[in-house]
Structure formats: C-alpha cells, structure tokens
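The structure appears below as structure tokens.
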Amino acid sequence: MTKLDSVKDILTAITPDPREAEAREAARRHWASVAKPLGSLGLLETALEDIAALTLSERIDISNRALLLLCADNGVVAQGVAQSDHTVTAAVTRNAALRRSSVCKMAQVADCRVVPVDMGVIDMPPMENLLDRRLGNGTNDITQGPAMSREQADRAVLTGVELVRDLKEQGAGLLATGEMGIGNTTTSSAVACVLLNRSAGELTGRGSGLSDEGLRRKIRAIETAIETNRPDPGDPLDILSKVGGFDIAGMCGIFLGGALYRVPVLMDGLISTVAALCALRLCPEAGKALFASHVSAEPAGHLILDALGKKPVITAEMRLGEGTGAVAAIPLLDMALSLYRDGTTFDGTGIEAYQPHGS
C-alpha cells in the first residue's frame, strides 16, 4: 500500500466510489432474500449494509479483527481533574500488554486481538506486545498552554492512519478503537466544547467518578484551557494540538485510515467519538468508516453521536473505556452476519417473501 506523508495527502486520497452504492444495494437484496421481516434486525442490518458499501463487496468478512488501544498521559491531570494520577495509565497499559486488562478479558470472548500502542505514557519502558509510537512523555497541561505542537498533532494523526494500514496488510477486516489515559475525559470534553460550541458545564461529566468538587475543578480546567489557547473551531488539528491528547489525535487518524483503506472502525465511548468527530470535520467522506457501538454515560455522549449522525447498537450506560463498548458490539455483528450468510431464504421455506410497504 502507498504510504502517504501528510494529513493533506490523506484527506485528498479519501474519495467516494460508485461501487459503494452497488455493494450496498447487493447487500440489501441479499437481506431481502432471508426469511424474516424486512429490516427486522434494525441497526445491525444497516451496519452490515454499511460494511458492504465501505468494502465494495456484499461478501462481508470480519473474522480477522483487532482493537487498537491508544495509551497516553495528559498534563492537565496536575489540575486535580481525575480521581487517579498518571501512574495508573502506565499500570493499565502494562496490564494490556500482558493481556490482563478489562478489555483484554472481554476481547477474548469476542475473538478480537488487542493491540496496545504507547502514544506517550509517562516514563513507560519498552514492553513485549506494546507498540512504541511515542510522540512525547505525556502532553503539556492545557490550562497553561497547548497540549502539543501542531507538528505533534499531525504526526499523531498520521500514526493512526499507518496503524490501520499495517493491520489491513495483516488481513484485518474490522477494527475497534480504545484508549487509556488518566485525564482524557477532560481533554475530550474540551475538544467537544469547541467542536459543538457548547459550555464546559454542559458537556463535562465525572469521568471515573469525581466528587462534586472534583467536577468543579474539571470544568474550571476546561474553561481555562479554552480561554488560554483559543483553539480555532474550524480547524480540528488546531483544536487537537491545543486542548486534545495524543490518544485522541491518534484515533482521529485511525478513523481517517479506516475510510482510506476501507476498513470498518468501531467507535467506543466519549473519547473515541470525539476523535471521530474531528475526523469527520477534517473529511466528511470519513463518515463511511465510522460505526457506533454504544452511547457513553458521559453528558456529551448523545450529543457527539448526534453530530456524527450515528446511532448506537448498545445503550447500557457504559463508561469503562479501553474500547470495552466497541468490543461488546462485535458479537452482535457476528450474530447478524451469521443470519446474513447462512439464514434460510424464502425460496427454501415455501413462505412468500415480504414486500416493502406500498408495493
């Protein structure tokens, strides 16, 4: 696959293809031949049609799947915005590399490989099963200035695209996104505030369980970060560099890579959907690679999905992170695909096929 060397190159290369509509229609006709009421699997049925369109084929194969778990620390933790300190990021990252973290256990059930990626965990040593894509030793405190340089933001996005390219070359037909980084509900809420032109008080939640006073500190930190850095609402890379994080910028690249290399990518909760909205604002055509798994319990959860134009298949008030919501959706897709592939057709039952309303 051709390596693209700039974000601008990536955005230019993501283009529509007339075969998308043809593949979608073929998948829809196939569903119509299965002996069940039309559209009766709802969003699961639509998701498979969307995958067919993205991959340009009604022959859907998502058996090779992986979760990209982007791990990075956030300097804003110094403002008391989280219940834990930055050492927890390294601990969970280590457990993920050892296949012991929460998402690893769930991913085993979903037959999904977990690929932890160190994007900038503070003082994280090299480890087996941990990809080193470090952009810095954590980001800067966004209440004091930009989280990172514009160059680092660009590199983070390109890193995400390259991760998709590498996994596509390894045969991956479905990707899921996850993150680990204490303080990243603060950075993602700050990005969301700028993208949606909403107040910090409206969009900010308790994350992993803040007290009332902790929530007030978190809101003040976001307000201060936006006032201090003045990110440009029309420039997602400016927003990411000023109030984002390495994990969010990297996931933005994963979603762009999904559109470029035609691999469906499952969003997780707040942090990854915010990254997806950055990708969509950079390139509206990227929306075809975005698949919603669940809706986060954070206040901005529904608002971000609405802005993306996506509906979740799971509404379970999840807020664990690590990509657990994205992984939880995979067995649902598998079950829908089993019916799509092997379901009894009307021809085989003697039952008259259902007709669309008005026919």
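By convention in this document, the chains of the structure tokens carry letters A, B, ... by their order, each chain's residues are numbered from 1, and ligands are numbered from 1 in the order they are shown.
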Quick one: residues within 9 Å of range 124-134 of chain A, only C-alpha atoms counted, chain neighbours fewer than 2 positions away excluded, as a list in words?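 My reading of the contact set: Ala72, Ala90, Thr93, Arg94, Ala96, Ala97, Leu98, Arg99, Val115, Pro116, Val117, Asp118, Met119, Gly120, Val121, Ile122, Gly136, Asn137, Gly138, Ala156, Thr159 and Phe246 of chain A.
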Convert the current residue selection to file output with C-alpha atoms, as an mmCIF file, in the first residue's frame.
data_model
loop_
_atom_site.group_PDB
_atom_site.id
_atom_site.type_symbol
_atom_site.label_atom_id
_atom_site.label_comp_id
_atom_site.auth_asym_id
_atom_site.auth_seq_id
_atom_site.Cartn_x
_atom_site.Cartn_y
_atom_site.Cartn_z
ATOM 1 C CA ALA A 72 -1.054 8.325 26.578
ATOM 2 C CA ALA A 90 1.182 3.053 32.898
ATOM 3 C CA THR A 93 -1.051 -0.083 29.714
ATOM 4 C CA ARG A 94 1.236 -2.704 31.229
ATOM 5 C CA ALA A 96 -2.998 -4.587 28.463
ATOM 6 C CA ALA A 97 0.379 -5.680 27.088
ATOM 7 C CA LEU A 98 0.234 -8.660 29.465
ATOM 8 C CA ARG A 99 -3.335 -9.416 28.257
ATOM 9 C CA VAL A 115 -3.034 -4.121 20.152
ATOM 10 C CA PRO A 116 -1.826 -1.705 22.863
ATOM 11 C CA VAL A 117 0.012 1.332 21.493
ATOM 12 C CA ASP A 118 2.167 3.662 23.591
ATOM 13 C CA MET A 119 1.499 7.121 22.181
ATOM 14 C CA GLY A 120 3.056 8.936 25.137
ATOM 15 C CA VAL A 121 2.667 7.251 28.535
ATOM 16 C CA ILE A 122 4.883 8.985 31.100
ATOM 17 C CA GLY A 136 6.282 12.686 23.806
ATOM 18 C CA ASN A 137 6.422 11.875 27.508
ATOM 19 C CA GLY A 138 2.801 12.869 28.047
ATOM 20 C CA ALA A 156 -0.308 11.579 15.795
ATOM 21 C CA THR A 159 0.409 7.415 13.149
ATOM 22 C CA PHE A 246 -2.017 12.068 21.769
#
For Thr344 in chain A, please output as a list in words all residues within 10 Å (counting only C-alpha atoms; exclusion window: fewer than 2 positions along the same chain).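 Once the adjacent positions are removed, what remains is Ser33, Val34, Ala35, Lys36, Leu339, Tyr340, Arg341, Asp342, Phe346, Asp347, Gly348 and Thr349 of chain A.
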At a cut-off of 12 Å, using only C-alpha atoms, what residues contact Gly42 in chain A? Leave out same-chain residues fewer than 6 positions from it and give the result as a PDB file with C-alpha atoms, in the first residue's frame.
ATOM      1  CA  TRP A  31     -31.057  -9.355   3.266  1.00  0.00           C
ATOM      2  CA  LYS A  36     -37.552 -12.781   8.073  1.00  0.00           C
ATOM      3  CA  LEU A  48     -23.721  -4.863   7.504  1.00  0.00           C
ATOM      4  CA  GLU A  49     -25.011  -2.907   4.516  1.00  0.00           C
ATOM      5  CA  LYS A 311     -26.902   5.509  16.256  1.00  0.00           C
ATOM      6  CA  PRO A 312     -25.502   3.103  18.875  1.00  0.00           C
ATOM      7  CA  VAL A 313     -26.408  -0.578  18.875  1.00  0.00           C
ATOM      8  CA  LEU A 332     -23.782  -8.618  17.855  1.00  0.00           C
ATOM      9  CA  LEU A 333     -22.298  -8.072  14.405  1.00  0.00           C
ATOM     10  CA  ALA A 336     -26.215 -10.652  12.409  1.00  0.00           C
TER      11      ALA A 336
END
So which residues touch Ser6 in chain A within 12 Å, counting only C-alpha atoms, skipping near sequence neighbours fewer than 4 positions away, as a compact mmCIF listing (two decimals) with N, CA, C and O atoms, in the first residue's frame?
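The file below, out-v8.txt, is the result:
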# COMPACT_ATOMS: atom_id res chain seq x y z
N ILE A 10 -3.64 12.49 2.95
CA ILE A 10 -4.66 11.53 3.41
C ILE A 10 -6.05 12.03 3.02
O ILE A 10 -6.87 11.30 2.46
N LEU A 11 -6.32 13.29 3.35
CA LEU A 11 -7.65 13.85 3.09
C LEU A 11 -7.98 13.86 1.61
O LEU A 11 -9.11 13.60 1.21
N THR A 12 -6.98 14.14 0.78
CA THR A 12 -7.18 14.16 -0.67
C THR A 12 -7.45 12.76 -1.21
O THR A 12 -8.21 12.59 -2.17
N ALA A 13 -6.85 11.75 -0.57
CA ALA A 13 -6.96 10.38 -1.08
C ALA A 13 -8.26 9.69 -0.69
O ALA A 13 -8.60 8.65 -1.26
N GLU A 151 2.91 20.14 14.88
CA GLU A 151 3.65 19.05 14.25
C GLU A 151 3.35 17.73 14.95
O GLU A 151 3.16 16.69 14.29
N ALA A 153 0.64 16.96 16.59
CA ALA A 153 -0.73 16.59 16.25
C ALA A 153 -0.79 15.94 14.87
O ALA A 153 -1.46 14.92 14.67
N ASP A 154 -0.09 16.52 13.91
CA ASP A 154 -0.03 15.94 12.56
C ASP A 154 0.55 14.53 12.62
O ASP A 154 0.04 13.60 11.99
N ARG A 155 1.64 14.38 13.36
CA ARG A 155 2.30 13.07 13.46
C ARG A 155 1.38 12.06 14.12
O ARG A 155 1.35 10.88 13.74
N ALA A 156 0.61 12.50 15.12
CA ALA A 156 -0.31 11.58 15.80
C ALA A 156 -1.37 11.08 14.84
O ALA A 156 -1.70 9.88 14.81
N VAL A 157 -1.92 11.98 14.04
CA VAL A 157 -2.94 11.59 13.06
C VAL A 157 -2.34 10.62 12.04
O VAL A 157 -2.95 9.58 11.72
N LEU A 158 -1.16 10.94 11.53
CA LEU A 158 -0.51 10.05 10.56
C LEU A 158 -0.20 8.69 11.18
O LEU A 158 -0.32 7.65 10.51
N THR A 159 0.15 8.68 12.45
CA THR A 159 0.41 7.42 13.15
C THR A 159 -0.84 6.55 13.16
O THR A 159 -0.78 5.33 12.92
N VAL A 161 -3.33 6.60 11.02
CA VAL A 161 -3.55 6.12 9.65
C VAL A 161 -2.63 4.93 9.36
O VAL A 161 -3.04 3.91 8.79
N GLU A 162 -1.36 5.06 9.76
CA GLU A 162 -0.39 4.00 9.49
C GLU A 162 -0.72 2.72 10.26
O GLU A 162 -0.49 1.61 9.75
N GLY A 253 -6.77 9.76 13.43
CA GLY A 253 -6.09 9.15 12.30
C GLY A 253 -6.59 7.75 11.99
O GLY A 253 -6.67 7.36 10.82
Counting only C-alpha atoms, the residue among A:Gly39, A:Pro231, A:Gly171, A:Gly183 that lies closest to His86 in chain A is A:Gly183
Given only C-alpha atoms as the basis, pick out the residue of A:Ala66, A:Ile304, A:Leu195, A:Val109 nearest to Arg281 in chain A. A:Leu195
Taking only range 139-202 of chain A into account, list the residues labelled strand (DSSP E or B) by DSSP (computed from the backbone), as a ChimeraX atom specification. /A:174-180
Would you give me, as a PyMOL selection string, the residues in range 126-343 of chain A that DSSP reads as alpha helix (DSSP H)? chain A and resi 150-169+184-196+200-203+212-229+236-243+246-261+270-282+301-308+324-342
Pick from A:Leu44, A:Leu203, A:Met180, A:Leu54: nearest to Glu322 in chain A, with only C-alpha atoms counted?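 With only C-alpha atoms as the atom set, the closest residue is A:Met180.
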Nearby residues (only C-alpha atoms) at most 10 Å from range 16-26 of chain A, same-chain spacing under 4 positions excluded, as a VMD selection string: chain A and resid 30 to 32 46 48 to 59 259 285 to 286 288
Do a neighbour search on Glu223 in chain A at 9 Å with only C-alpha atoms, toss out local chain neighbours closer than 4 positions, and write the hits as a PyMOL selection string. chain A and resi 143+190+199-201+218-219+227-228
Excluding Gln144 in chain A and any residue of its chain fewer than 2 positions from it, enumerate the residues within 10 Å of it, using only C-alpha atoms, and give them as JSON, numbers by chain. {"A": [75, 76, 140, 141, 142, 146, 147, 221, 224, 225, 228, 229]}
Just to be explicit: take each residue in the selection above, keep N, CA and C atoms, and write the result as an mmCIF file, in the first residue's frame.
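Resulting contents of part_28.cif:
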data_model
loop_
_atom_site.group_PDB
_atom_site.id
_atom_site.type_symbol
_atom_site.label_atom_id
_atom_site.label_comp_id
_atom_site.auth_asym_id
_atom_site.auth_seq_id
_atom_site.Cartn_x
_atom_site.Cartn_y
_atom_site.Cartn_z
ATOM 1 N N GLY A 75 -1.131 16.132 30.615
ATOM 2 C CA GLY A 75 -0.581 17.033 31.621
ATOM 3 C C GLY A 75 -1.614 17.710 32.489
ATOM 4 N N VAL A 76 -2.856 17.821 32.015
ATOM 5 C CA VAL A 76 -3.902 18.502 32.770
ATOM 6 C C VAL A 76 -4.247 17.779 34.065
ATOM 7 N N ASN A 140 1.426 18.419 27.473
ATOM 8 C CA ASN A 140 1.529 19.545 28.402
ATOM 9 C C ASN A 140 0.172 19.807 29.055
ATOM 10 N N ASP A 141 0.194 20.548 30.145
ATOM 11 C CA ASP A 141 -1.028 20.941 30.861
ATOM 12 C C ASP A 141 -1.772 21.981 30.019
ATOM 13 N N ILE A 142 -2.961 21.631 29.553
ATOM 14 C CA ILE A 142 -3.696 22.520 28.646
ATOM 15 C C ILE A 142 -4.189 23.795 29.316
ATOM 16 N N PRO A 146 -0.686 25.091 24.978
ATOM 17 C CA PRO A 146 -1.091 23.981 24.103
ATOM 18 C C PRO A 146 -0.659 22.617 24.633
ATOM 19 N N ALA A 147 -1.494 21.621 24.385
ATOM 20 C CA ALA A 147 -1.167 20.255 24.791
ATOM 21 C C ALA A 147 0.070 19.747 24.075
ATOM 22 N N ALA A 221 -10.947 23.766 34.691
ATOM 23 C CA ALA A 221 -9.751 23.488 33.885
ATOM 24 C C ALA A 221 -10.066 23.560 32.396
ATOM 25 N N THR A 224 -10.593 27.205 31.443
ATOM 26 C CA THR A 224 -9.299 27.900 31.404
ATOM 27 C C THR A 224 -8.506 27.507 30.163
ATOM 28 N N ALA A 225 -8.521 26.209 29.822
ATOM 29 C CA ALA A 225 -7.770 25.726 28.659
ATOM 30 C C ALA A 225 -8.271 26.375 27.374
ATOM 31 N N THR A 228 -7.358 30.113 27.424
ATOM 32 C CA THR A 228 -5.917 30.326 27.293
ATOM 33 C C THR A 228 -5.428 30.064 25.873
ATOM 34 N N ASN A 229 -5.933 28.976 25.266
ATOM 35 C CA ASN A 229 -5.398 28.527 23.973
ATOM 36 C C ASN A 229 -6.167 29.028 22.763
#
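The two atoms in question, CA of Asn74 in chain A and CA of Gly244 in chain A, are spaced 8.8 Å apart.
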